[in-house]
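What follows is a single structure, written as structure tokens, with notes after it.
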Amino acid sequence: MNLTDIAASIPEYDHFLTVDEMTESNHRLAEAYPDLVSIRTIGETRRGDPIEMLTIQGGPLQALAFGGPHPNEPIGCMTLEYLTKRLCEDDELRNELGFTWHIIKSIDSDGMRLNEGWFKGPFTPANYARNFFRPASHDQVEWTFPIDYKTLHFHSPIPETQALMSVIDELQPTLLYSLHNAGFGGVYYYTSGGSDELFKLFHEIPSWFNLNLDLGEPEVNYAVQLAPAIYKMLTVREGYDYMAENGIEDPAKEITSGGSSAEYSEKYGSHVLVVELPYYDDPRVNDQTETDMLRRDAILQGLDDQDAFDKWVEDQLDTTESELSQETLISRAVFAFIKRGKTSREASRQWAKTAEETNRPATQAEVFSNLLISRFYRLLTLGMYARVMDDEVANGNTSEIILNSQKAARQRFEEQATALENDLDYRALPIRSLVGVQVCAGLATAAYLRDLAAEKQ
């Protein structure tokens with residue numbers, strides 16, 4: 001398998017496919033390759049749409065890949081759009097890898113439809129945030145798998161998660177590829193493990209597409225680094241222990257969701273890969289130059305800024321909650337994000353104040369993560385709150401309180417979006433490059449697992 005040749009073959013894309021367009025593409029592929037491709041319904045979404053899984057027949061090893069585990073993450077859907085066609089067209093590649101591939105292009109199509117307002121562009125941070133939706137943790141596919149850990153007991157998987165559980169139980173996959181992506185920054189990975197050779201490839205692949213590794217702050221403070229920008233798969237168990245170690249008496253009271261697909265598949269020994277990719281980057285993303293600011297101070301300032309932002313949204317919610325006429329996925333998400341944030345930040349603040357690794361000069365990348373990327377993610381929450389108010393007005397709510405809050409939210413959003421874009425030296429990354437990294441990293445991992453399986457025989 002020549003990965004550089006595969007990288008060169010990734011086509012240009014100027015937009016993301018909608019849910020309906022992906023479904024149509026699946027069926028066209030099945031019609032073109034009837035002896036190779038099959039499609040079956042594995043469940044239904046909460047709104048009653050079928051969840052379809054496409055299977056491409058191959059070798060005895062089983063690979064399960066699913067896109068859109070968070071519905072604001074369509075890069076993986078495009079990765080699977082390319083991969084399904086390539087695996088059908090390239091008999092040599094399919095036979096060499098020795099996998100039968102099971103692919104769900106969009107596991108949360110209900111949520112993805114709520115993001116389609118930005119799928120065709122323009123691809124600016126403001127337009128992304130204006131049309132952004134991400135569910136509350138207890139409404140997410142990736143974080144509603146059943147789990148029992150210490151005082152945490154979660155057994156309320158949403159229908160989409162139940163469908164995924166049944167497929168994992170059936171296939172017991174060798175490779176589980178959960179196709180996530182981030183919003184801003186660089187490329188980083190979560191994985192069950194791997195070799196030095198595989199990790200070297202993970203470091204090289206982004207450069208083939210003119211992308212940077214993300215060498216700033218990790219997504220969470222308790223992430224275990226296996227190599228630069230490569231982390232051990234996260235678990236809710238580690239999150240629980242982190243909170244307990246940093247002053248939270250009973251973390252189960254603060255964790256509103258369950259386990260991940262990675263945790264659920266542990267019993268089958270599945271190797272899990274997540275390749276996190278941004279929509280935007282900035283020269284500061286991987287700048288390792290030391291600053292005159294302590295890493296500790298950068299983290300604490302970022303937490304203080306988040307507290308101030310959440311206070312504004314919380315005040316708005318306190319004012320408008322009794323006037324709301326409907327509960328939607330978006331309103332559930334906003335309420336949950338504001339409620340959840342306080343406790344997790346207290347644990348982060350305690351860690352930052354006491355951990356020895358924060359008592360050093362911060363790099364430019366770390367300052368950028370804490371003080372600028374954090375503003376980008378706050379803009380996403382603000383955009384969702386504004387959408388809640390827009391939905392109320394569109395639903396016929398003429399309350400003066402709602403109308404005033406809608407106006408205030410929209411004004412605040414546009415002001416903050418403009419200020420953020422002015423403070424960034426951002427680049428909207430080519431979809432082709434993002435797809436290419438996920439395709440190549442996934443195929444490299446499949447080859448690594450094929451070789452491991454051969455050694456055991």
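Just so we're on the same page: first chain in the structure tokens is A, next is B, and so on; residues restart at 1 for each chain, and ligands are numbered from 1 in the order they show up.
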
Selection: 9 Å around Gln288 of chain A, only C-alpha atoms, excl. self and same-chain fewer than 3 positions, as a VMD selection string: chain A and resid 215 to 216 284 to 285 362 to 366

Since we have the selection now, will you write its residues out, keeping C-alpha atoms, as a PDB file, in the first residue's frame?
```pdb
ATOM      1  CA  LEU A 215       1.083  21.135  20.055  1.00  0.00           C
ATOM      2  CA  GLY A 216      -0.928  23.398  22.331  1.00  0.00           C
ATOM      3  CA  ARG A 284       0.395  30.046  16.546  1.00  0.00           C
ATOM      4  CA  VAL A 285      -1.179  26.580  16.725  1.00  0.00           C
ATOM      5  CA  ALA A 362       3.782  28.878  28.500  1.00  0.00           C
ATOM      6  CA  THR A 363       4.526  28.391  24.825  1.00  0.00           C
ATOM      7  CA  GLN A 364       2.854  30.546  22.217  1.00  0.00           C
ATOM      8  CA  ALA A 365       0.747  27.506  21.307  1.00  0.00           C
ATOM      9  CA  GLU A 366      -0.451  27.097  24.899  1.00  0.00           C
TER      10      GLU A 366
END
```

How close does segment 234-338 of chain A get to segment 429-444 of chain A? List, as CSV, each residue of segment 234-338 of chain A within 10 Å, its nearest atom pair and the distance in Å to one decimal, counting only C-alpha atoms.
```
residue,atom,partner,partner_atom,distance
A:Leu273,CA,A:Gly442,CA,7.5
A:Val274,CA,A:Gln438,CA,8.7
A:Val275,CA,A:Gln438,CA,6.2
A:Glu276,CA,A:Gln438,CA,8.5
A:Leu277,CA,A:Leu434,CA,6.6
A:Pro278,CA,A:Leu429,CA,7.7
A:Tyr279,CA,A:Leu429,CA,5.6
A:Tyr280,CA,A:Leu429,CA,5.5
A:Asp281,CA,A:Leu429,CA,7.2
```

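Using only C-alpha atoms, the smallest distance between any of A:Val220, A:Ala262, A:Val19, A:Leu382 and Asn370 of chain A comes from A:Val220.
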
Which residues come within 9 Å of segment 327-336 of chain A, counting only C-alpha atoms, excluding same-chain residues fewer than 5 positions away, as number ranges by chain? A: 111, 114, 133-139, 256, 313-314, 317, 341, 381-382, 384-385, 387-388, 391

Can you pull out every residue within 8 Å of Val141 of chain A, counting only C-alpha atoms, but drop anything in the same chain fewer than 3 positions away, and send it as a PDB file with N, CA and C atoms, in the first residue's frame?
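The result, stored in part.pdb:
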```
ATOM      1  N   PRO A  69     -20.122  11.338  14.844  1.00  0.00           N
ATOM      2  CA  PRO A  69     -20.490  10.970  16.214  1.00  0.00           C
ATOM      3  C   PRO A  69     -20.920  12.188  17.024  1.00  0.00           C
ATOM      4  N   HIS A  70     -20.382  13.349  16.658  1.00  0.00           N
ATOM      5  CA  HIS A  70     -20.941  14.635  17.053  1.00  0.00           C
ATOM      6  C   HIS A  70     -21.374  15.303  15.746  1.00  0.00           C
ATOM      7  N   ILE A 107     -23.933   8.883  11.894  1.00  0.00           N
ATOM      8  CA  ILE A 107     -24.621   8.133  12.938  1.00  0.00           C
ATOM      9  C   ILE A 107     -25.672   8.995  13.644  1.00  0.00           C
ATOM     10  N   ASP A 108     -25.535  10.321  13.619  1.00  0.00           N
ATOM     11  CA  ASP A 108     -26.533  11.207  14.233  1.00  0.00           C
ATOM     12  C   ASP A 108     -27.072  12.150  13.165  1.00  0.00           C
ATOM     13  N   THR A 144     -23.082   8.205  25.303  1.00  0.00           N
ATOM     14  CA  THR A 144     -24.248   7.643  26.002  1.00  0.00           C
ATOM     15  C   THR A 144     -24.240   6.113  25.968  1.00  0.00           C
ATOM     16  N   PHE A 145     -23.054   5.530  25.993  1.00  0.00           N
ATOM     17  CA  PHE A 145     -22.955   4.084  26.139  1.00  0.00           C
ATOM     18  C   PHE A 145     -23.085   3.719  27.622  1.00  0.00           C
ATOM     19  N   PRO A 157     -28.853   4.844  26.918  1.00  0.00           N
ATOM     20  CA  PRO A 157     -28.335   5.145  25.578  1.00  0.00           C
ATOM     21  C   PRO A 157     -29.454   5.634  24.665  1.00  0.00           C
ATOM     22  N   ILE A 158     -29.153   6.643  23.874  1.00  0.00           N
ATOM     23  CA  ILE A 158     -30.136   7.134  22.912  1.00  0.00           C
ATOM     24  C   ILE A 158     -30.273   6.108  21.781  1.00  0.00           C
ATOM     25  N   GLU A 160     -29.686   6.066  18.630  1.00  0.00           N
ATOM     26  CA  GLU A 160     -28.536   5.950  17.734  1.00  0.00           C
ATOM     27  C   GLU A 160     -27.398   5.165  18.397  1.00  0.00           C
ATOM     28  N   THR A 161     -27.204   5.393  19.688  1.00  0.00           N
ATOM     29  CA  THR A 161     -26.180   4.652  20.422  1.00  0.00           C
ATOM     30  C   THR A 161     -26.561   3.185  20.527  1.00  0.00           C
TER      31      THR A 161
END
```

Pick from A:Ala409, A:Ala63, A:Leu29, A:Ala454: nearest to His271 of chain A, with only C-alpha atoms counted?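 Using only C-alpha atoms, the shortest distance to His271 of chain A belongs to A:Ala63.
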
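Using only C-alpha atoms, the protein and nucleic acid residues lying no more than 7 Å from segment 294-303 of chain A, apart from those fewer than 4 places from it along its own chain, are Asp307, Arg345, Arg349, Ala352, Lys353, Thr358, Asn359, Arg360, Pro361, Ala362, Val367, Asn370 and Leu371 of chain A.
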
For the strand (DSSP E or B) assignment from backbone DSSP, which residues of segment 109-354 of chain A qualify? Please present them as a ChimeraX atom specification. /A:145,147-149,152-154,175-179,184,187-191,213,225-227,230-232,259,271-276,280-281,290-294

Keeping only N, CA and C atoms, write those residues as a compact mmCIF listing (two decimals), in the first residue's frame.
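Result saved to selection.txt:
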```txt
# COMPACT_ATOMS: atom_id res chain seq x y z
N PHE A 145 -23.05 5.53 25.99
CA PHE A 145 -22.96 4.08 26.14
C PHE A 145 -23.09 3.72 27.62
N ILE A 147 -22.54 2.45 31.33
CA ILE A 147 -21.32 2.28 32.11
C ILE A 147 -21.66 2.24 33.59
N ASP A 148 -20.91 1.44 34.33
CA ASP A 148 -20.96 1.40 35.79
C ASP A 148 -19.54 1.56 36.29
N TYR A 149 -19.29 2.64 37.00
CA TYR A 149 -17.95 2.90 37.53
C TYR A 149 -18.08 3.64 38.85
N LEU A 152 -20.87 6.07 39.51
CA LEU A 152 -21.48 6.46 38.24
C LEU A 152 -22.20 5.26 37.62
N HIS A 153 -23.47 5.43 37.34
CA HIS A 153 -24.27 4.38 36.70
C HIS A 153 -25.13 5.03 35.63
N PHE A 154 -24.81 4.73 34.38
CA PHE A 154 -25.55 5.33 33.27
C PHE A 154 -26.07 4.21 32.38
N LEU A 175 -10.95 -3.11 14.22
CA LEU A 175 -10.72 -1.67 14.15
C LEU A 175 -12.05 -0.95 14.32
N LEU A 176 -12.09 -0.04 15.28
CA LEU A 176 -13.24 0.84 15.45
C LEU A 176 -12.75 2.26 15.18
N TYR A 177 -13.25 2.86 14.11
CA TYR A 177 -12.79 4.18 13.68
C TYR A 177 -13.93 5.16 13.88
N SER A 178 -13.82 5.97 14.93
CA SER A 178 -14.81 6.98 15.26
C SER A 178 -14.32 8.31 14.70
N LEU A 179 -15.03 8.83 13.71
CA LEU A 179 -14.51 9.93 12.90
C LEU A 179 -14.97 11.28 13.44
N PHE A 184 -10.88 24.26 15.81
CA PHE A 184 -9.80 25.20 15.55
C PHE A 184 -8.51 24.64 16.14
N VAL A 187 -3.80 19.15 14.04
CA VAL A 187 -4.15 17.73 13.98
C VAL A 187 -3.65 17.03 15.24
N TYR A 188 -4.50 16.23 15.86
CA TYR A 188 -4.05 15.37 16.97
C TYR A 188 -4.86 14.08 16.95
N TYR A 189 -4.35 13.10 17.68
CA TYR A 189 -4.89 11.75 17.59
C TYR A 189 -5.21 11.19 18.98
N TYR A 190 -6.23 10.34 19.03
CA TYR A 190 -6.46 9.44 20.17
C TYR A 190 -6.41 8.01 19.62
N THR A 191 -5.77 7.13 20.37
CA THR A 191 -5.64 5.77 19.89
C THR A 191 -5.48 4.80 21.05
N LEU A 213 0.53 19.76 13.21
CA LEU A 213 0.14 19.07 14.43
C LEU A 213 -0.29 20.09 15.46
N GLN A 225 -0.33 11.41 27.13
CA GLN A 225 0.36 11.58 25.85
C GLN A 225 1.24 10.38 25.55
N LEU A 226 1.03 9.78 24.38
CA LEU A 226 1.86 8.67 23.91
C LEU A 226 3.03 9.17 23.07
N ALA A 227 2.82 10.29 22.42
CA ALA A 227 3.83 10.97 21.61
C ALA A 227 3.26 12.36 21.36
N ILE A 230 -0.32 12.90 20.09
CA ILE A 230 -0.93 11.56 20.08
C ILE A 230 -1.22 11.17 21.51
N TYR A 231 -2.49 10.86 21.78
CA TYR A 231 -2.92 10.59 23.15
C TYR A 231 -3.62 9.24 23.25
N LYS A 232 -3.54 8.67 24.43
CA LYS A 232 -4.29 7.46 24.73
C LYS A 232 -5.78 7.79 24.72
N GLY A 259 -20.55 6.25 28.94
CA GLY A 259 -19.26 5.90 28.38
C GLY A 259 -19.21 6.16 26.88
N HIS A 271 -9.35 -2.15 18.57
CA HIS A 271 -8.40 -1.04 18.50
C HIS A 271 -9.17 0.18 18.01
N VAL A 272 -9.14 1.26 18.80
CA VAL A 272 -9.93 2.45 18.48
C VAL A 272 -9.01 3.57 18.01
N LEU A 273 -9.44 4.25 16.96
CA LEU A 273 -8.70 5.39 16.44
C LEU A 273 -9.63 6.58 16.30
N VAL A 274 -9.17 7.73 16.75
CA VAL A 274 -9.84 9.00 16.53
C VAL A 274 -8.80 9.97 15.99
N VAL A 275 -9.09 10.60 14.88
CA VAL A 275 -8.20 11.62 14.31
C VAL A 275 -8.93 12.96 14.38
N GLU A 276 -8.46 13.83 15.25
CA GLU A 276 -9.10 15.13 15.44
C GLU A 276 -8.49 16.15 14.48
N TYR A 280 -10.09 25.25 10.98
CA TYR A 280 -9.27 26.45 10.85
C TYR A 280 -7.96 26.26 11.61
N ASP A 281 -6.90 26.90 11.11
CA ASP A 281 -5.67 26.95 11.88
C ASP A 281 -5.12 28.37 11.87
N GLU A 290 8.77 30.10 23.81
CA GLU A 290 8.32 30.41 25.17
C GLU A 290 7.86 31.86 25.26
N THR A 291 6.86 32.10 26.09
CA THR A 291 6.37 33.45 26.36
C THR A 291 6.78 33.87 27.77
N ASP A 292 6.46 35.08 28.15
CA ASP A 292 6.75 35.54 29.51
C ASP A 292 5.56 35.31 30.44
N MET A 293 4.62 34.49 29.99
CA MET A 293 3.44 34.17 30.80
C MET A 293 3.55 32.73 31.29
N LEU A 294 3.27 32.50 32.56
CA LEU A 294 3.25 31.13 33.07
C LEU A 294 2.10 30.36 32.45
```

Any idea what's packed within 9 Å of Lys407 of chain A, counting only C-alpha atoms, ignoring anything in its chain fewer than 5 positions away? Could you give it as a list in words? Ala386, Met389, Ile402 and Arg412 of chain A

Interatomic distance (Å, one decimal) between atom CA of Ala417 of chain A and atom CA of Gly68 of chain A: 25.2 Å

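For the pair atom CA of Glu52 of chain A and atom CA of Thr235 of chain A, the interatomic distance is 27.2 Å.
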
If you count only C-alpha atoms, which residues fall within 9 Å of Asp282 of chain A, apart from same-chain ones fewer than 4 positions away, as a ChimeraX atom specification? /A:184-186,286,424-427

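Taking atom CA of Ile75 of chain A as the reference point, atom CA of Pro50 of chain A is found at 21.4 Å.
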
Among A:Gln457, A:Gln140, A:Ser192, A:Asn212, Val224 of chain A is approached most closely, using only C-alpha atoms, by A:Ser192

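The shortest atom-to-atom distance to Ser265 of chain A, with only C-alpha atoms taken into account, belongs to A:Pro146 out of A:Gly117, A:Pro146, A:Gly247, A:Gly59.
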
Residues flagged alpha helix (DSSP H) by DSSP in segment 85-316 of chain A, as a PyMOL selection string: chain A and resi 85-89+91-97+109-113+125-130+159-171+196-208+236-245+261-264+295-316
